[in-house]
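Pasted below: protein.csv, CSV, C-alpha atoms.
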```csv
chain,number,residue,atom,x,y,z
A,1,MET,CA,-104.4,-157.7,-80.8
A,2,PHE,CA,-106.8,-160.5,-80.8
A,3,GLY,CA,-105.6,-162.1,-77.6
A,4,PRO,CA,-103.0,-164.7,-77.6
A,5,GLY,CA,-101.4,-165.7,-80.9
A,6,MET,CA,-102.5,-169.2,-80.3
A,7,TRP,CA,-102.0,-170.8,-83.6
A,8,ARG,CA,-98.7,-169.3,-84.4
A,9,PHE,CA,-96.7,-171.5,-82.2
A,10,GLY,CA,-99.0,-174.5,-82.4
A,11,GLY,CA,-98.0,-175.8,-79.0
A,12,ARG,CA,-99.7,-175.5,-75.7
A,13,MET,CA,-96.8,-173.6,-74.2
A,14,ASP,CA,-96.7,-170.4,-76.1
A,15,PRO,CA,-93.8,-168.2,-74.9
A,16,LEU,CA,-95.1,-165.1,-76.6
A,17,HIS,CA,-98.4,-165.5,-74.8
A,18,GLU,CA,-96.6,-166.1,-71.5
A,19,MET,CA,-94.6,-162.9,-72.0
A,20,GLN,CA,-97.7,-160.9,-72.9
A,21,ARG,CA,-99.4,-162.2,-69.9
A,22,LEU,CA,-96.5,-161.2,-67.7
A,23,GLN,CA,-96.4,-157.8,-69.2
A,24,GLY,CA,-100.1,-157.4,-68.7
A,25,GLU,CA,-99.8,-158.4,-65.1
A,26,MET,CA,-96.9,-155.9,-64.5
A,27,ASN,CA,-98.9,-153.1,-66.1
A,28,ARG,CA,-101.8,-153.9,-63.9
A,29,VAL,CA,-99.9,-154.1,-60.7
A,30,PHE,CA,-97.9,-150.9,-61.3
A,31,SER,CA,-100.8,-148.8,-62.7
A,32,GLY,CA,-102.4,-148.9,-59.3
A,33,LEU,CA,-105.8,-148.7,-60.9
A,34,GLY,CA,-107.0,-152.2,-60.6
A,35,GLN,CA,-108.9,-152.9,-63.8
A,36,PRO,CA,-112.3,-154.5,-63.4
A,37,LEU,CA,-111.1,-157.8,-64.7
A,38,ASN,CA,-107.9,-159.1,-66.1
A,39,PRO,CA,-108.0,-159.9,-69.8
A,40,GLU,CA,-107.4,-163.5,-69.0
A,41,VAL,CA,-110.8,-164.0,-67.5
A,42,PRO,CA,-112.3,-166.5,-68.4
A,43,PRO,CA,-109.6,-169.0,-69.1
A,44,VAL,CA,-110.3,-170.9,-72.3
A,45,ASN,CA,-109.4,-174.2,-73.9
A,46,ALA,CA,-109.7,-175.0,-77.6
A,47,TRP,CA,-110.1,-178.4,-79.3
A,48,VAL,CA,-109.6,-178.5,-83.0
A,49,GLY,CA,-111.1,-181.2,-85.2
A,50,GLU,CA,-111.2,-181.6,-89.0
A,51,SER,CA,-114.6,-179.9,-89.4
A,52,ASP,CA,-115.0,-177.8,-86.3
A,53,VAL,CA,-113.3,-176.2,-83.3
A,54,VAL,CA,-114.7,-176.4,-79.7
A,55,VAL,CA,-113.9,-173.6,-77.3
A,56,THR,CA,-114.6,-174.0,-73.6
A,57,ALA,CA,-114.4,-171.4,-70.9
A,58,GLU,CA,-114.7,-171.6,-67.2
A,59,LEU,CA,-117.3,-169.1,-66.2
A,60,PRO,CA,-118.8,-170.2,-62.8
A,61,GLY,CA,-121.8,-168.4,-61.6
A,62,VAL,CA,-122.5,-166.3,-64.7
A,63,ASP,CA,-126.0,-165.5,-65.9
A,64,PRO,CA,-126.2,-167.2,-69.3
A,65,GLY,CA,-128.4,-164.5,-70.6
A,66,LYS,CA,-125.7,-162.0,-70.0
A,67,VAL,CA,-123.0,-163.8,-72.0
A,68,ASP,CA,-122.4,-162.6,-75.5
A,69,VAL,CA,-120.8,-164.9,-78.1
A,70,SER,CA,-120.0,-163.4,-81.4
A,71,VAL,CA,-117.9,-164.5,-84.4
A,72,VAL,CA,-116.4,-162.2,-87.1
A,73,GLY,CA,-114.4,-164.0,-89.7
A,74,ASP,CA,-112.0,-166.2,-87.8
A,75,THR,CA,-112.3,-164.3,-84.5
A,76,LEU,CA,-114.5,-165.5,-81.6
A,77,THR,CA,-115.4,-163.0,-78.9
A,78,ILE,CA,-116.9,-163.9,-75.6
A,79,SER,CA,-118.0,-161.1,-73.3
A,80,GLY,CA,-120.3,-160.6,-70.4
A,81,VAL,CA,-120.4,-159.8,-66.8
A,82,LEU,CA,-119.7,-161.8,-63.6
A,83,GLU,CA,-121.9,-160.2,-61.1
A,84,ALA,CA,-121.0,-160.0,-57.4
A,85,GLU,CA,-123.7,-160.9,-54.9
A,86,ALA,CA,-125.4,-157.7,-53.9
A,87,LEU,CA,-124.9,-156.9,-50.2
A,88,LYS,CA,-127.8,-155.9,-48.1
A,89,ALA,CA,-127.5,-153.5,-45.2
A,90,GLY,CA,-125.5,-155.0,-42.4
A,91,GLU,CA,-123.8,-157.6,-44.6
A,92,SER,CA,-120.0,-157.6,-45.2
A,93,TYR,CA,-117.4,-159.6,-47.0
A,94,HIS,CA,-115.0,-161.8,-45.0
A,95,ARG,CA,-113.3,-162.9,-48.1
A,96,GLN,CA,-113.6,-162.1,-51.7
A,97,GLU,CA,-111.5,-164.2,-54.0
A,98,ARG,CA,-113.8,-164.8,-56.9
A,99,SER,CA,-113.6,-162.7,-60.0
A,100,HIS,CA,-116.3,-160.1,-60.5
A,101,GLY,CA,-116.8,-157.6,-63.3
A,102,ARG,CA,-117.0,-157.3,-67.0
A,103,PHE,CA,-114.9,-159.6,-69.2
A,104,THR,CA,-114.1,-159.8,-72.9
A,105,ARG,CA,-112.1,-162.5,-74.5
A,106,SER,CA,-111.2,-162.6,-78.2
A,107,LEU,CA,-109.6,-165.6,-79.7
A,108,GLN,CA,-108.2,-166.1,-83.2
A,109,LEU,CA,-109.5,-169.4,-84.6
A,110,PRO,CA,-107.4,-171.6,-86.9
A,111,PHE,CA,-109.9,-171.2,-89.7
A,112,HIS,CA,-113.0,-169.3,-90.8
A,113,VAL,CA,-116.2,-170.6,-89.4
A,114,GLU,CA,-119.9,-170.8,-90.4
A,115,ALA,CA,-121.1,-167.9,-88.2
A,116,GLY,CA,-124.7,-169.0,-88.6
A,117,ASN,CA,-124.1,-172.5,-87.2
A,118,VAL,CA,-122.2,-171.6,-84.1
A,119,GLU,CA,-123.6,-173.3,-81.0
A,120,ALA,CA,-123.0,-172.1,-77.4
A,121,LYS,CA,-124.0,-174.1,-74.4
A,122,TYR,CA,-123.6,-173.3,-70.7
A,123,GLU,CA,-123.6,-176.1,-68.3
A,124,ARG,CA,-122.1,-176.5,-64.8
A,125,GLY,CA,-120.3,-173.2,-65.0
A,126,ILE,CA,-118.6,-174.0,-68.3
A,127,LEU,CA,-119.4,-172.4,-71.5
A,128,ARG,CA,-118.9,-174.5,-74.6
A,129,VAL,CA,-118.9,-173.0,-78.0
A,130,THR,CA,-118.9,-175.3,-81.1
A,131,LEU,CA,-117.8,-173.5,-84.3
A,132,PRO,CA,-118.1,-175.5,-87.6
A,133,ARG,CA,-115.5,-174.8,-90.2
A,134,ALA,CA,-116.7,-172.8,-93.2
A,135,GLU,CA,-117.3,-174.9,-96.3
A,136,ALA,CA,-115.2,-172.6,-98.4
A,137,ASP,CA,-112.3,-172.9,-95.9
A,138,LYS,CA,-112.2,-176.7,-95.8
A,139,PRO,CA,-109.2,-178.4,-97.3
A,140,ARG,CA,-109.9,-179.8,-100.7
A,141,ARG,CA,-108.5,-183.1,-101.7
A,142,VAL,CA,-106.7,-183.1,-104.9
A,143,SER,CA,-106.3,-186.4,-106.5
A,144,VAL,CA,-103.1,-187.2,-108.1
A,145,LYS,CA,-103.3,-188.8,-111.5
A,146,SER,CA,-100.6,-190.7,-113.2
A,147,GLU,CA,-100.3,-190.4,-116.9
Y,148,MET,CA,-102.3,-150.2,-54.4
Y,149,GLU,CA,-104.2,-153.4,-54.1
Y,150,GLY,CA,-102.4,-156.7,-53.5
Y,151,LYS,CA,-101.7,-159.2,-56.2
Y,152,VAL,CA,-104.9,-161.0,-57.3
Y,153,GLU,CA,-104.5,-164.5,-58.6
Y,154,TYR,CA,-106.9,-165.2,-61.4
Y,155,HIS,CA,-106.0,-168.7,-62.2
Y,156,LYS,CA,-107.0,-171.8,-60.3
Y,157,LYS,CA,-104.5,-172.6,-57.6
Y,158,PRO,CA,-103.3,-176.2,-57.1
Y,159,VAL,CA,-103.8,-177.7,-53.6
Y,160,GLN,CA,-100.7,-177.8,-51.5
Y,161,THR,CA,-100.9,-181.2,-49.8
Y,162,PRO,CA,-98.4,-182.5,-47.4
Y,163,VAL,CA,-96.7,-185.7,-48.4
Y,164,GLU,CA,-98.5,-187.7,-45.7
Y,165,MET,CA,-101.8,-186.9,-47.3
Y,166,GLU,CA,-101.0,-188.2,-50.8
Y,167,ARG,CA,-104.0,-188.9,-52.8
Y,168,THR,CA,-104.7,-192.3,-54.3
Y,169,ARG,CA,-106.2,-190.8,-57.5
Y,170,ASN,CA,-103.8,-189.4,-60.0
Y,171,ARG,CA,-105.8,-186.3,-60.6
Y,172,LYS,CA,-105.0,-182.6,-60.2
Y,173,VAL,CA,-106.7,-180.9,-57.3
Y,174,TYR,CA,-107.5,-177.2,-57.1
Y,175,VAL,CA,-108.5,-174.9,-54.4
Y,176,PRO,CA,-111.9,-173.4,-55.2
Y,177,LYS,CA,-112.0,-169.6,-54.9
Y,178,VAL,CA,-114.6,-168.5,-52.3
Y,179,ASP,CA,-116.4,-165.4,-51.3
Y,180,ILE,CA,-117.6,-165.4,-47.7
Y,181,ILE,CA,-120.4,-163.0,-46.7
Y,182,GLU,CA,-121.4,-162.4,-43.2
Y,183,THR,CA,-125.1,-161.6,-42.8
Y,184,GLY,CA,-127.0,-160.8,-39.6
Y,185,ASN,CA,-127.7,-164.4,-38.6
Y,186,ALA,CA,-125.6,-166.5,-41.1
Y,187,MET,CA,-122.5,-166.9,-43.0
Y,188,VAL,CA,-122.9,-167.4,-46.7
Y,189,MET,CA,-120.1,-169.0,-48.7
Y,190,TYR,CA,-119.8,-169.1,-52.5
Y,191,ALA,CA,-117.3,-171.4,-54.0
Y,192,ASP,CA,-116.4,-171.6,-57.6
Y,193,VAL,CA,-116.4,-175.2,-58.7
Y,194,PRO,CA,-116.8,-175.1,-62.5
Y,195,GLY,CA,-117.4,-178.5,-64.0
Y,196,ALA,CA,-118.9,-179.9,-60.8
Y,197,ASP,CA,-122.6,-180.3,-60.1
Y,198,GLU,CA,-124.8,-181.2,-57.1
Y,199,LYS,CA,-124.0,-184.9,-57.5
Y,200,SER,CA,-120.2,-184.5,-57.5
Y,201,VAL,CA,-119.9,-181.9,-54.8
Y,202,GLU,CA,-119.6,-183.1,-51.2
Y,203,VAL,CA,-119.6,-181.0,-48.1
Y,204,THR,CA,-118.7,-182.6,-44.8
Y,205,LEU,CA,-118.5,-181.2,-41.3
Y,206,GLU,CA,-116.5,-183.1,-38.7
Y,207,LYS,CA,-116.1,-181.5,-35.4
Y,208,ASN,CA,-115.3,-178.0,-36.6
Y,209,VAL,CA,-113.6,-178.9,-39.8
Y,210,LEU,CA,-115.7,-178.1,-42.9
Y,211,THR,CA,-114.5,-179.8,-46.0
Y,212,ILE,CA,-115.6,-179.1,-49.5
Y,213,THR,CA,-114.8,-181.5,-52.3
Y,214,GLY,CA,-115.9,-181.7,-55.9
Y,215,THR,CA,-115.0,-184.1,-58.6
Y,216,VAL,CA,-114.9,-183.1,-62.2
Y,217,ALA,CA,-114.9,-185.5,-65.1
Y,218,PRO,CA,-112.2,-184.6,-67.7
Y,219,GLN,CA,-113.5,-183.1,-70.8
Y,220,GLU,CA,-113.3,-185.2,-73.9
Y,221,PHE,CA,-114.3,-184.2,-77.4
Y,222,PRO,CA,-113.9,-187.2,-79.7
Y,223,GLY,CA,-112.3,-186.6,-83.0
Y,224,ARG,CA,-110.7,-183.3,-81.8
Y,225,SER,CA,-107.4,-182.7,-80.2
Y,226,ILE,CA,-106.6,-180.0,-77.7
Y,227,ALA,CA,-104.7,-177.2,-79.5
Y,228,TYR,CA,-104.6,-174.5,-76.9
Y,229,SER,CA,-105.1,-174.7,-73.1
Y,230,GLU,CA,-105.3,-172.1,-70.4
Y,231,TYR,CA,-107.0,-174.1,-67.7
Y,232,ASP,CA,-106.7,-177.7,-66.6
Y,233,VAL,CA,-109.5,-179.8,-65.3
Y,234,GLY,CA,-109.2,-181.4,-61.9
Y,235,ASP,CA,-111.0,-182.0,-58.7
Y,236,TYR,CA,-111.6,-179.4,-56.0
Y,237,GLU,CA,-110.8,-179.5,-52.3
Y,238,ARG,CA,-110.8,-176.9,-49.6
Y,239,VAL,CA,-110.9,-177.1,-45.8
Y,240,PHE,CA,-112.1,-174.5,-43.4
Y,241,THR,CA,-112.1,-174.4,-39.7
Y,242,ILE,CA,-115.4,-173.0,-38.4
Y,243,SER,CA,-116.2,-171.8,-35.0
Y,244,ASP,CA,-118.7,-173.5,-32.7
Y,245,GLU,CA,-121.2,-170.7,-33.3
Y,246,VAL,CA,-122.5,-172.5,-36.4
Y,247,ASP,CA,-125.8,-174.4,-36.1
Y,248,ARG,CA,-124.7,-177.8,-37.3
Y,249,ASP,CA,-128.2,-179.0,-38.2
Y,250,ARG,CA,-129.0,-176.2,-40.5
Y,251,ILE,CA,-126.3,-176.0,-43.1
Y,252,GLY,CA,-127.7,-175.4,-46.6
Y,253,ALA,CA,-125.7,-176.4,-49.7
Y,254,VAL,CA,-126.8,-175.6,-53.2
Y,255,VAL,CA,-124.9,-176.0,-56.5
Y,256,LYS,CA,-125.9,-173.9,-59.4
Y,257,ASN,CA,-124.0,-173.0,-62.6
Y,258,GLY,CA,-120.7,-174.3,-61.1
Y,259,VAL,CA,-121.0,-172.4,-57.9
Y,260,LEU,CA,-121.6,-173.9,-54.5
Y,261,LYS,CA,-123.5,-171.8,-52.1
Y,262,LEU,CA,-123.2,-172.8,-48.5
Y,263,THR,CA,-125.4,-171.2,-45.8
Y,264,LEU,CA,-124.1,-171.6,-42.3
Y,265,HIS,CA,-126.6,-170.3,-39.8
Y,266,LYS,CA,-125.4,-169.1,-36.4
Y,267,ALA,CA,-126.5,-171.1,-33.4
Y,268,PRO,CA,-129.0,-169.1,-31.3
Y,269,GLN,CA,-127.2,-169.6,-28.0
Y,270,ALA,CA,-124.0,-168.2,-29.4
Y,271,GLU,CA,-125.4,-164.9,-30.5
Y,272,VAL,CA,-124.6,-162.9,-27.4
Y,273,LYS,CA,-121.9,-164.0,-25.0
Y,274,LYS,CA,-120.1,-161.2,-23.4
Y,275,ILE,CA,-117.7,-161.6,-20.6
Y,276,ALA,CA,-117.5,-158.8,-18.1
Y,277,VAL,CA,-114.0,-157.7,-17.3
Y,278,ARG,CA,-113.4,-156.3,-13.8
Y,279,THR,CA,-110.5,-155.0,-11.9
Y,280,GLU,CA,-109.5,-156.4,-8.6
```
Would you mind writing the file out in structure tokens?
Amino acid sequence: MFGPGMWRFGGRMDPLHEMQRLQGEMNRVFSGLGQPLNPEVPPVNAWVGESDVVVTAELPGVDPGKVDVSVVGDTLTISGVLEAEALKAGESYHRQERSHGRFTRSLQLPFHVEAGNVEAKYERGILRVTLPRAEADKPRRVSVKSE
Amino acid sequence: MEGKVEYHKKPVQTPVEMERTRNRKVYVPKVDIIETGNAMVMYADVPGADEKSVEVTLEKNVLTITGTVAPQEFPGRSIAYSEYDVGDYERVFTISDEVDRDRIGAVVKNGVLKLTLHKAPQAEVKKIAVRTE
């Protein structure tokens, strides 16, 4: 429900995700409706460290003011709109390969994050969201005593 | 029903003779090409590249777009999930002689290269009369 079950398999090749993607693709092709944007836009990568997680997304040509980044619990949602160039009278497309339309991506993070300290930066067409791990969620070291 | 639309970046298919010296992945940037009254405007998605790393060359009528992207590194963190790979960009177009070679504009903003190819004035109207004998 919250996008790919990315942490369940732990690896980069998630067979469940791959199957869901294929299923989504089939549904889209056979529905004949052509949704505005595939749920896989934008593609994301996630780096996990001990105290935070960094999520990057390829979003070339987006207006940073029109990108929404929100965090609820351990779920990160990135949404916005990739606008097509407005055509003036007499102009026409020869090719249109780039993705245009609304997009929403939700990702389940491996831990709860400090929603107040989430940082999002947009540079060279790449959105980078840094999410610090919630204090309460950090692993606590338990010292082992000998008697 | 519309055709299949590929949302992911597509790796370049390079013939063996053109093997690259750098061991990096290369992708084909997706483009939109818009024809306006007196120009052709091309938008190419090159996320991760900027004005310093994008190169546009025109040799005879071959227009080549290349972009280099530095791999992303986040010290102290390891990649846990990956949907896209980072690599360079390369795409080659054959353009007609109608383009004014001295007035090609190239701008990179937010990971998108915008190329403006103006039409050469003399090429604007050139109609050949067809007769019967």
**Q.** Neighbour residues at most 12 Å from (-124.5, -160.7, -39.6) (only C-alpha atoms) as an MDAnalysis selection string
**A.** (chainID A and resid 87:94) or (chainID Y and resid 180:188 264:266 271)
**Q.** Interface, chain Y side, toward chain A (10 Å; only C-alpha atoms) as a ChimeraX atom specification
**A.** /Y:148-156,176-198,219-233,255-260
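Picture a line from CA of Tyr174 (chain Y) to CA of Leu16 (chain A); it runs 26.1 Å.
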**Q.** Nearby residues (all atoms listed in the file) at most 10 Å from Leu131 (chain A), same-chain spacing under 2 positions excluded, as a ChimeraX atom specification
**A.** /A:48,51-55,71,74,76,109,111-120,128-129,133-134
Q.
What's around Gly252 (chain Y) at 8 Å? Count all atoms listed in the file, leave out sequence neighbours fewer than 6 positions away in its own chain, and write the answer as number ranges by chain.
A. Y: 261-264
Grab the residues selected above and save them as an mmCIF file, in the frame of the given file with C-alpha atoms.
```cif
data_model
loop_
_atom_site.group_PDB
_atom_site.id
_atom_site.type_symbol
_atom_site.label_atom_id
_atom_site.label_comp_id
_atom_site.auth_asym_id
_atom_site.auth_seq_id
_atom_site.Cartn_x
_atom_site.Cartn_y
_atom_site.Cartn_z
ATOM 1 C CA LYS Y 261 -123.500 -171.800 -52.100
ATOM 2 C CA LEU Y 262 -123.200 -172.800 -48.500
ATOM 3 C CA THR Y 263 -125.400 -171.200 -45.800
ATOM 4 C CA LEU Y 264 -124.100 -171.600 -42.300
#
```
Q: Extract, using only C-alpha atoms, all DNA, RNA and protein residues at most 9 Å from Val81 (chain A), discarding same-chain residues fewer than 2 positions from it, and format them as a PyMOL selection string.
A: chain A and resi 62-63+66-67+79+83+100-104
